[in-house]
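This is work-v8.txt. It holds compact mmCIF, C-alpha atoms.
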```
# COMPACT_ATOMS: atom_id res chain seq x y z
CA MET A 357 17.26 11.11 -41.26
CA SER A 358 20.10 8.76 -42.23
CA TYR A 359 21.76 8.20 -45.58
CA THR A 360 24.52 6.12 -47.19
CA ALA A 361 27.88 7.66 -48.04
CA TYR A 362 31.38 6.49 -48.98
CA VAL A 363 34.76 7.44 -47.58
CA SER A 364 36.73 9.37 -50.20
CA THR A 365 40.25 10.50 -49.29
CA LYS A 366 42.40 12.34 -51.82
CA GLU A 367 45.54 10.32 -51.03
CA GLY A 368 43.76 6.95 -50.90
CA ASP A 369 44.61 6.48 -47.23
CA SER A 370 42.37 5.45 -44.32
CA LEU A 371 40.09 7.89 -42.52
CA SER A 372 40.27 8.52 -38.76
CA VAL A 373 37.19 7.80 -36.67
CA ARG A 374 36.65 9.99 -33.58
CA SER A 375 34.77 9.39 -30.34
CA LYS A 376 32.84 12.62 -30.89
CA ALA A 377 32.95 15.60 -33.24
CA ASN A 378 36.63 16.68 -33.24
CA GLY A 379 37.24 14.19 -30.43
CA GLU A 380 39.79 11.49 -29.67
CA LYS A 381 40.85 9.15 -32.49
CA ILE A 382 39.49 5.65 -31.74
CA ASP A 383 39.68 3.81 -35.07
CA THR A 384 40.37 4.08 -38.80
CA ILE A 385 38.31 2.90 -41.77
CA SER A 386 39.58 2.23 -45.27
CA ASN A 387 39.11 4.53 -48.22
CA GLY A 388 35.89 3.62 -50.03
CA THR A 389 34.12 2.28 -46.92
CA GLU A 390 30.34 2.41 -47.09
CA VAL A 391 28.88 4.12 -44.01
CA THR A 392 25.45 5.12 -42.74
CA VAL A 393 25.39 8.76 -41.70
CA ALA A 394 22.93 9.77 -38.98
CA GLY A 395 21.62 13.31 -38.66
CA ASP A 396 23.10 16.60 -39.79
CA PRO A 397 26.80 17.53 -39.61
CA VAL A 398 28.11 19.11 -36.42
CA ASN A 399 30.72 21.87 -36.53
CA ALA A 400 33.62 21.53 -34.09
CA GLY A 401 37.24 22.63 -34.25
CA GLY A 402 36.65 24.57 -37.43
CA ARG A 403 35.27 21.70 -39.54
CA ASN A 404 32.10 19.67 -39.97
CA TRP A 405 31.74 16.16 -38.56
CA SER A 406 29.26 13.37 -39.37
CA GLN A 407 28.11 10.60 -37.08
CA ILE A 408 28.47 7.07 -38.53
CA GLY A 409 27.64 5.08 -35.41
CA THR A 410 27.42 5.29 -31.63
CA ASN A 411 30.33 7.49 -30.51
CA ARG A 412 31.80 7.27 -34.02
CA TRP A 413 32.38 10.48 -35.99
CA VAL A 414 34.33 11.32 -39.16
CA ALA A 415 35.17 14.53 -40.99
CA THR A 416 32.33 15.31 -43.40
CA ASP A 417 34.79 16.56 -46.04
CA PHE A 418 35.88 12.96 -46.66
CA LEU A 419 32.42 11.54 -47.34
CA THR A 420 30.69 11.42 -50.71
CA ILE A 421 27.20 10.38 -51.80
CA ILE A 422 26.82 8.34 -55.00
CA LYS A 423 23.23 8.04 -56.23
CA ARG A 424 24.06 6.52 -59.61
CA PRO A 425 24.33 2.80 -60.52
CA LYS A 426 27.44 1.30 -58.96
CA VAL A 427 29.37 -1.81 -58.03
CA VAL A 428 30.05 -1.85 -54.28
CA ALA A 429 32.66 -4.45 -53.28
CA ARG A 430 33.58 -5.39 -49.72
CA ARG A 431 36.68 -7.52 -49.16
CA THR A 432 35.95 -10.45 -46.85
CA GLN A 433 38.00 -13.04 -44.97
CA GLU A 434 36.80 -15.78 -47.35
CA ILE A 435 39.43 -17.48 -49.50
CA LEU A 436 39.07 -19.20 -52.88
CA GLY A 437 41.47 -20.85 -55.28
CA GLY A 438 44.03 -21.60 -52.60
CA GLY A 439 44.77 -18.06 -51.47
CA LEU A 440 42.67 -15.36 -53.19
CA ARG A 441 40.65 -13.11 -50.87
CA VAL A 442 37.03 -12.86 -51.91
CA TYR A 443 35.27 -9.55 -52.52
CA GLN A 444 31.49 -9.60 -52.23
CA ALA A 445 30.28 -7.20 -54.91
CA ARG A 446 26.77 -5.78 -54.85
CA LEU A 447 25.40 -4.54 -58.16
CA VAL A 448 23.27 -1.52 -57.28
CA ASP A 449 20.93 0.42 -59.57
CA SER A 450 20.18 4.15 -59.54
CA THR A 451 17.42 3.75 -56.92
CA GLY A 452 19.74 1.97 -54.48
CA LYS A 453 18.24 -1.46 -55.16
CA VAL A 454 20.67 -4.40 -55.20
CA ILE A 455 20.08 -6.07 -58.57
CA ASN A 456 22.45 -8.98 -57.95
CA SER A 457 25.73 -9.87 -56.29
CA VAL A 458 28.88 -11.67 -57.39
CA ARG A 459 32.26 -12.62 -55.99
CA ALA A 460 35.47 -11.07 -57.23
CA VAL A 461 39.24 -11.36 -56.71
CA SER A 462 42.19 -9.02 -57.16
CA GLY A 463 45.96 -9.44 -57.15
CA ARG A 464 48.00 -12.62 -57.53
CA ILE A 465 47.47 -15.64 -55.31
CA ASN A 466 50.73 -15.04 -53.39
CA ASN A 467 50.26 -11.28 -53.14
CA GLN A 468 47.06 -10.27 -51.37
CA THR A 469 48.00 -7.01 -49.68
CA PRO A 470 46.54 -4.00 -51.55
CA SER A 471 49.23 -1.65 -52.81
CA HIS A 472 49.60 1.73 -54.51
CA VAL A 473 52.88 0.62 -56.14
CA ALA A 474 52.78 0.37 -59.93
CA GLY A 475 53.49 -3.10 -61.28
CA SER A 476 53.17 -4.76 -57.87
CA GLN A 477 50.48 -7.22 -59.06
CA ALA A 478 48.83 -6.70 -55.67
CA PRO A 479 45.08 -6.13 -55.17
CA ILE A 480 43.83 -2.72 -56.21
CA PRO A 481 43.84 -0.08 -53.45
CA PHE A 482 40.65 0.51 -51.51
CA GLY A 483 38.68 3.49 -52.74
CA ILE A 484 36.33 4.85 -55.37
CA TYR A 485 36.87 4.33 -59.10
CA THR A 486 34.89 5.63 -62.06
CA PHE A 487 34.07 3.59 -65.14
CA THR A 488 35.79 5.13 -68.15
CA ALA A 489 32.92 4.23 -70.48
CA PRO A 490 29.76 3.35 -68.50
CA GLY A 491 27.77 0.57 -70.16
CA ILE A 492 30.63 -0.58 -72.39
CA VAL A 493 32.15 -4.07 -72.15
CA GLU A 494 35.02 -4.60 -74.57
CA TYR A 495 36.37 -7.92 -75.84
CA LYS A 496 39.79 -8.74 -74.42
CA ALA A 497 41.07 -12.30 -74.73
CA GLY A 498 43.53 -14.34 -72.64
CA GLU A 499 43.67 -13.75 -68.90
CA PHE A 500 40.98 -11.08 -69.22
CA GLY A 501 38.35 -13.74 -69.93
CA GLU A 502 36.91 -11.97 -72.99
CA VAL A 503 35.48 -8.98 -71.07
CA TRP A 504 37.03 -5.65 -70.11
CA SER A 505 35.53 -2.49 -68.59
CA PRO A 506 38.25 0.03 -67.61
CA VAL A 507 38.05 2.11 -64.42
CA ILE A 508 40.17 4.94 -63.06
CA PRO A 509 40.71 5.89 -59.39
CA ILE A 510 39.51 9.26 -58.11
CA PHE A 511 42.30 9.26 -55.51
CA LYS A 512 46.06 9.54 -55.80
CA THR A 513 47.80 6.24 -56.56
CA GLY A 514 50.63 4.84 -58.61
CA ARG A 515 48.34 2.18 -60.07
CA SER A 516 46.89 2.45 -63.57
CA GLU A 517 45.39 0.31 -66.36
CA ILE A 518 42.77 -1.08 -64.00
CA GLY A 519 39.61 -2.78 -65.20
CA VAL A 520 36.78 -5.17 -64.42
CA HIS A 521 37.07 -8.54 -66.15
CA TYR A 522 36.89 -12.33 -65.63
CA ASP A 523 39.74 -14.44 -64.25
CA PRO A 524 39.78 -17.83 -66.02
CA SER A 525 42.62 -19.02 -63.75
CA ALA A 526 41.07 -18.21 -60.38
CA PHE A 527 40.72 -21.85 -59.34
CA LYS A 528 43.83 -23.23 -61.04
CA GLY A 529 46.31 -22.36 -58.28
CA ASN A 530 49.06 -21.45 -60.77
CA SER A 531 51.06 -18.27 -61.37
CA ASN A 532 48.17 -16.76 -63.33
CA ALA A 533 45.62 -17.27 -60.54
CA GLY A 534 44.13 -13.92 -59.58
CA THR A 535 44.89 -10.74 -61.49
CA ALA A 536 47.84 -8.47 -62.14
CA GLY A 537 45.94 -5.83 -60.20
CA CYS A 538 42.49 -5.59 -61.74
CA PHE A 539 39.10 -6.60 -60.32
CA ALA A 540 37.83 -9.92 -61.67
CA THR A 541 34.94 -12.32 -61.28
CA PRO A 542 36.08 -15.94 -60.69
CA THR A 543 33.47 -17.91 -62.69
CA ILE A 544 31.82 -17.63 -66.10
CA GLY A 545 28.40 -17.35 -64.45
CA GLU A 546 29.51 -14.40 -62.34
CA ARG A 547 31.25 -12.86 -65.36
CA ASP A 548 27.96 -12.95 -67.26
CA ILE A 549 26.00 -11.43 -64.36
CA MET A 550 28.52 -8.59 -64.09
CA THR A 551 28.55 -8.05 -67.87
CA LYS A 552 24.75 -7.94 -68.05
CA PHE A 553 24.61 -5.41 -65.22
CA ILE A 554 27.26 -3.15 -66.77
CA LYS A 555 25.54 -3.15 -70.15
CA ALA A 556 22.01 -2.69 -68.81
CA HIS A 557 22.53 -0.28 -65.90
CA LYS A 558 25.67 1.59 -66.98
CA PRO A 559 27.28 1.89 -63.51
CA THR A 560 29.44 4.96 -63.10
CA HIS A 561 31.41 3.85 -60.03
CA LEU A 562 33.30 0.87 -58.64
CA ILE A 563 33.75 1.14 -54.88
CA VAL A 564 36.18 -1.22 -53.11
CA TYR A 565 36.74 -1.35 -49.36
CA GLU A 566 37.89 -3.52 -46.48
CA GLY A 567 35.05 -5.34 -44.75
```

In structure tokens, how does this file's structure come out?
Amino acid sequence: MSYTAYVSTKEGDSLSVRSKANGEKIDTISNGTEVTVAGDPVNAGGRNWSQIGTNRWVATDFLTIIKRPKVVARRTQEILGGGLRVYQARLVDSTGKVINSVRAVSGRINNQTPSHVAGSQAPIPFGIYTFTAPGIVEYKAGEFGEVWSPVIPIFKTGRSEIGVHYDPSAFKGNSNAGTAGCFATPTIGERDIMTKFIKAHKPTHLIVYEG
């Protein structure tokens, strides 16, 4: 039997992938990465290991299962607005069904390397975040595009005051394009889809990872 899990490291760093249980390191995957786990854990070297692909194993301690409504966002190579990396965000209900999907951006147009440094205005670090008030969308004007749903990371980071909102400057190519470090939809239509999902399904988690 296989199941979906997410990488969850306490320090927000990447997770080593091994060639076998407790074997040679062959790769790393970012915090928050969605993986398909096959079979039961195998104990080797004093810890449990889970298989996530052919000859690909990770420490089971750093995997978590989230069966509640969630927003799962994978950063792609696609660019919009002259320099903003696109995140493809799936809006998933409690049964695992994808209700809809939207694009999102994070960080300023000239700063697209995720960072743990406070005030860096870089994209938010990869990892798992929890919604502070599931189902609540507050009004917040200006560069927040009239919507605001705060989230907090479950891993160690210097970043704070993070939320999901709309970026009215995403396509303007100016100094306000992108976000100061939040997670934002780039169009009004996508803002409304995200808002409707948050209000109706009350997602508990935002998961962001490198695709």

Next item on the list: Please identify all polymer residues within 10 Å of Gly498 of chain A, counting all atoms listed in the file, omitting same-chain residues fewer than 2 positions from it, and present them as a ChimeraX atom specification.
Entry: /A:496,500-503,522-524

Test item: residues at most 12 Å from Glu434 of chain A, only C-alpha atoms, excluding those fewer than 5 positions along its chain, as a PDB file with C-alpha atoms, in the frame of the given file:
```pdb
ATOM      1  CA  GLY A 439      44.770 -18.060 -51.470  1.00  0.00           C
ATOM      2  CA  LEU A 440      42.670 -15.360 -53.190  1.00  0.00           C
ATOM      3  CA  ARG A 441      40.650 -13.110 -50.870  1.00  0.00           C
ATOM      4  CA  VAL A 442      37.030 -12.860 -51.910  1.00  0.00           C
ATOM      5  CA  TYR A 443      35.270  -9.550 -52.520  1.00  0.00           C
ATOM      6  CA  GLN A 444      31.490  -9.600 -52.230  1.00  0.00           C
ATOM      7  CA  ARG A 459      32.260 -12.620 -55.990  1.00  0.00           C
ATOM      8  CA  ALA A 460      35.470 -11.070 -57.230  1.00  0.00           C
ATOM      9  CA  VAL A 461      39.240 -11.360 -56.710  1.00  0.00           C
ATOM     10  CA  GLY A 567      35.050  -5.340 -44.750  1.00  0.00           C
TER      11      GLY A 567
END
```

Please, which residues in segment 425-504 of chain A fall within 6 Å of segment 377-394 of chain A when counting all atoms listed in the file, and what is the closest atom pair and distance in Å to one decimal for each, ordered by chain then residue number, as CSV?
```
residue,atom,partner,partner_atom,distance
A:Phe482,CA,A:Asn387,CA,5.4
A:Gly483,CA,A:Gly388,CA,3.9
A:Ile484,CA,A:Gly388,CA,5.5
```

Which centre and which edge lengths, in Å to one decimal, describe the axis-aligned box that holds all listed atoms of segment 451-459 of chain A after 3 Å is added on each side, as AutoDock Vina command-line options?
```
--center_x 24.8 --center_y -4.4 --center_z -56.5 --size_x 20.8 --size_y 22.4 --size_z 10.1
```

Next item on the list: Find the spatial neighbours of segment 446-457 of chain A, counting only C-alpha atoms, within a cut-off of 6 Å - ignore same-chain residues fewer than 3 positions away - and output them as an NGL selection string.
Entry: :A and (423-428)

Take the selection from the previous step and output its residues with C-alpha atoms, as an mmCIF file, keeping the file's coordinate frame.
```cif
data_model
loop_
_atom_site.group_PDB
_atom_site.id
_atom_site.type_symbol
_atom_site.label_atom_id
_atom_site.label_comp_id
_atom_site.auth_asym_id
_atom_site.auth_seq_id
_atom_site.Cartn_x
_atom_site.Cartn_y
_atom_site.Cartn_z
ATOM 1 C CA LYS A 423 23.230 8.040 -56.230
ATOM 2 C CA ARG A 424 24.060 6.520 -59.610
ATOM 3 C CA PRO A 425 24.330 2.800 -60.520
ATOM 4 C CA LYS A 426 27.440 1.300 -58.960
ATOM 5 C CA VAL A 427 29.370 -1.810 -58.030
ATOM 6 C CA VAL A 428 30.050 -1.850 -54.280
#
```

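Restricting the calculation to only C-alpha atoms, the smallest distance between Thr432 of chain A and any of A:Ala497, A:Ala474, A:Val373, A:Ala445 is found for A:Ala445.
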
Margin query: Env of Ser406 of chain A: 7 Å cut, atoms = only C-alpha atoms, seq-sep filter 3 positions within chain, self excluded. Answer as a list in words.
Written below: Val393, Asp396, Pro397, Val398, Trp413, Val414, Ala415 and Thr416 of chain A

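Among the candidates A:Cys538, A:Ile435, A:Leu419, A:Ala400, the one nearest to Ser364 of chain A when counting only C-alpha atoms is A:Leu419.
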
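Separating atom CA of Lys528 of chain A from atom CA of Pro479 of chain A is a distance of 18.1 Å.
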
Checklist line | Which residue of A:His521, A:Arg412, A:Arg464, A:Arg515 approaches Thr551 of chain A most closely, using all atoms listed in the file | finding: A:His521

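Distance annotation: of A:Gly534, A:Pro542, A:Gly438, A:Pro559, the residue with the minimal separation from Gly463 of chain A is A:Gly534; atom set is all atoms listed in the file.
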
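For the residues A:Lys552, A:Lys512, A:Arg431, A:His561, ranking by smallest atom-to-atom distance to Thr469 of chain A using only C-alpha atoms places A:Arg431 first.
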
Next item on the list: Measure the distance from atom CA of Ser531 of chain A to atom CA of Gly368 of chain A in Å and round it to one decimal.
Entry: 28.3 Å

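Of the residues under consideration (A:Thr535, A:Glu494, A:Ile408, A:Arg403), A:Thr535 shows the shortest atom-to-atom contact distance to Gln468 of chain A when counting all atoms listed in the file.
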
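One distance worth recording is that between atom CA of Trp504 of chain A and atom CA of Ser462 of chain A, which is 14.3 Å.
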
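Look at everything within 8 Å of (21.4, 7.5, -47.4) using only C-alpha atoms, and the residues you get are Ser358, Tyr359, Thr360, Ala361, Thr392, Val393 and Ile421 of chain A.
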